[in-house]
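*Asks:* My structure is below; once you've seen it, I'll send some questions.
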Amino acid sequence: MQTVETINELKQIIALNKDKTIGFVPTMGYLHEGHLALLNKARSENELVVASIFVNPAQFGPNEDLDRYPRDIKRDTQLATNAGVDIIFIPTPEQMYPFDSGISITVGDLSTKLCGESRPGHFDGVLKVITKLFHLVQPTKAYFGQKDAQQLAIIETFVNAYNFPVEIVRVQTVRESDGLAKSSRNVFLNEKERSEAIHLYKALQLATIRWEETKDLTAAITIGKDHIESNTSGKIDYFEALSYPSLQQVTDDTKEVLFATAVFFEKARLIDNILIVKKDV
C-alpha cells in the first residue's frame, strides 16, 4: 500500500491508473468494522482501491468535537493495508483548503431534516470535501455506509443532480453482536451508556414493526421514542420516519422509508436507522 499526503502526488498516481476501475472509500479515520466492510466491498469490485483519511473541519460546528474526534493513523494504515487498499490519502487541512475561495456549496432542504436540523452547515461541509475528493480520485465507484443515511441520501442526490461520473454504492450498517451500530464515537460512551446504547436499534425495530403492522407512522414513532426514553439516560435529538432518499413526508407512493434516530449521551451523539422497502409499492 502507498501512503500519499499531497494533492499533487495523488493526482500523479491517479493519472497513471486512469485506465483502471477505481473504488473509493472516504473516511475520517479511526477505522472500525463498518469502514472495513466498505473497503472490502471496494476491493471486490475494483482494480484499484483508494481510501482517504481526513477529519474534515468544514463539517464540524464551533461547539462540536473536532479536536476530540478519535485519531490513530498508524492503526488505520495497518487496517487499510490488511483490507487490500492500494492507496491511502492522508492530507492536512492546509493541503485540502489552502485558501478561502469565497465559494460555497449549499445543500438546501435536504439538510434541514434529521441531523441537519441540529448541525447547521454540517452537510455543506460534507459536500465541500466530497466534491474535492471526487475530482482528485476520479473514482468509478464510491462506497458509503447506510448508518449515515442522511449523508448518503444527500450525496446520492448531489451526484445524480450534477452528473458526477461516479456510482454511489450503499453498504449495510455493520453492528456489534448486541445490535449497536459501529461508530468511531462509541469510544466516548461510559459503561452504563454502552449498555443503554443498544436500545436505539431496538427502538427502531419496534417502530418499523408497528408501522408495517398498522401503517400508522405517528404510533410507530411514539413507540420508538418511548422505548429510548424508558431504557436510556440519553436525550433524543430526533426520532423520525421519512421517504428515502428524498427525506420528505411518507406518502402512498413512497418506495423506501427511513426510520432514523439520534440520541445525545454525555460525551457522544449516536445515530442509527433502519431503511425498509414498502411491500405494496
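Letters for chains follow the order of the C-alpha cells (A, B, ...), residue numbers begin at 1 for each chain, and ligand numbers begin at 1 in the order shown.
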As a ChimeraX atom specification, please: all residues of range 126-259 of chain A that backbone DSSP puts in helix (DSSP H, G or I).
*Replies:* /A:126-137,149-161,184-188,191-214,217-231
*Asks:* Quick one: residues within 6 Å of range 268-275 of chain A, only C-alpha atoms, excluding same-chain residues fewer than 3 positions away - as a ChimeraX atom specification?
*Replies:* /A:147,188,257-265
*Asks:* Please extract the residues of range 110-191 of chain A with a backbone DSSP assignment of strand (DSSP E) and present them as a PyMOL selection string.
*Replies:* chain A and resi 141-145+167-171
*Asks:* Restricting the output to C-alpha atoms, write the selected residues as a PDB file, in the first residue's frame.
*Replies:*
```
ATOM      1  CA  LYS A 141     -17.463   3.721  -7.614  1.00  0.00           C
ATOM      2  CA  ALA A 142     -17.581   5.362  -4.176  1.00  0.00           C
ATOM      3  CA  TYR A 143     -18.714   3.467  -1.088  1.00  0.00           C
ATOM      4  CA  PHE A 144     -20.770   4.856   1.789  1.00  0.00           C
ATOM      5  CA  GLY A 145     -22.313   3.229   4.844  1.00  0.00           C
ATOM      6  CA  GLU A 167     -21.563   5.268  -8.995  1.00  0.00           C
ATOM      7  CA  ILE A 168     -22.533   5.563  -5.339  1.00  0.00           C
ATOM      8  CA  VAL A 169     -22.657   2.177  -3.630  1.00  0.00           C
ATOM      9  CA  ARG A 170     -24.700   1.720  -0.445  1.00  0.00           C
ATOM     10  CA  VAL A 171     -23.251  -0.658   2.143  1.00  0.00           C
TER      11      VAL A 171
END
```
*Asks:* Record the distance separating CA of Pro91 in chain A and CA of Tyr69 in chain A, expressed in Å with one decimal.
*Replies:*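 These two atoms are separated by 16.2 Å.
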*Asks:* Using only C-alpha atoms, find the one residue out of A:Val250, A:Ile53, A:Val85, A:Ile209 that sits nearest to Tyr30 in chain A.
*Replies:*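 Among the listed residues, the smallest separation from Tyr30 in chain A belongs to A:Ile53.
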*Asks:* Which residues are close to Val174 in chain A, i.e. within 10 Å by only C-alpha atoms, leaving aside same-chain residues fewer than 5 positions away? Reply as a CSV table (one decimal) with C-alpha atoms, in the first residue's frame.
*Replies:*
```
chain,number,residue,atom,x,y,z
A,32,HIS,CA,-13.7,0.0,12.6
A,33,GLU,CA,-15.6,-2.9,11.0
A,34,GLY,CA,-18.0,-0.6,9.3
A,35,HIS,CA,-15.2,1.0,7.4
A,36,LEU,CA,-13.6,-2.3,6.7
A,37,ALA,CA,-16.9,-3.5,5.1
A,38,LEU,CA,-16.7,-0.6,2.7
A,145,GLY,CA,-22.3,3.2,4.8
A,146,GLN,CA,-26.0,3.3,5.3
A,147,LYS,CA,-25.6,4.2,9.0
A,179,GLY,CA,-27.0,-4.6,17.7
A,180,LEU,CA,-25.2,-1.3,18.4
A,181,ALA,CA,-24.1,0.3,15.1
A,182,LYS,CA,-20.4,0.5,14.8
A,183,SER,CA,-19.2,4.1,15.2
```
*Asks:* Could you name the residues that touch Thr6 in chain A at 7 Å or less, counting only C-alpha atoms, but leaving out those on the same chain fewer than 2 positions away, as JSON, numbers by chain?
*Replies:* {"A": [4, 8, 9, 10, 91, 95]}
*Asks:* Which is closer to Ile154 in chain A than all the others in A:Pro245, A:Gly125, A:Pro70, A:Gly84, using only C-alpha atoms?
*Replies:*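 Nearest to Ile154 in chain A: A:Pro245.
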*Asks:* Near Tyr97 in chain A, within 10 Å and counting only C-alpha atoms, which residues show up once chain neighbours fewer than 5 positions away are dropped, as a list in words?
*Replies:*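 Near Tyr97 in chain A, the qualifying residues are Asn56, Pro57, Ala58, Pro91, Thr92, Val129 and Lys132 of chain A.
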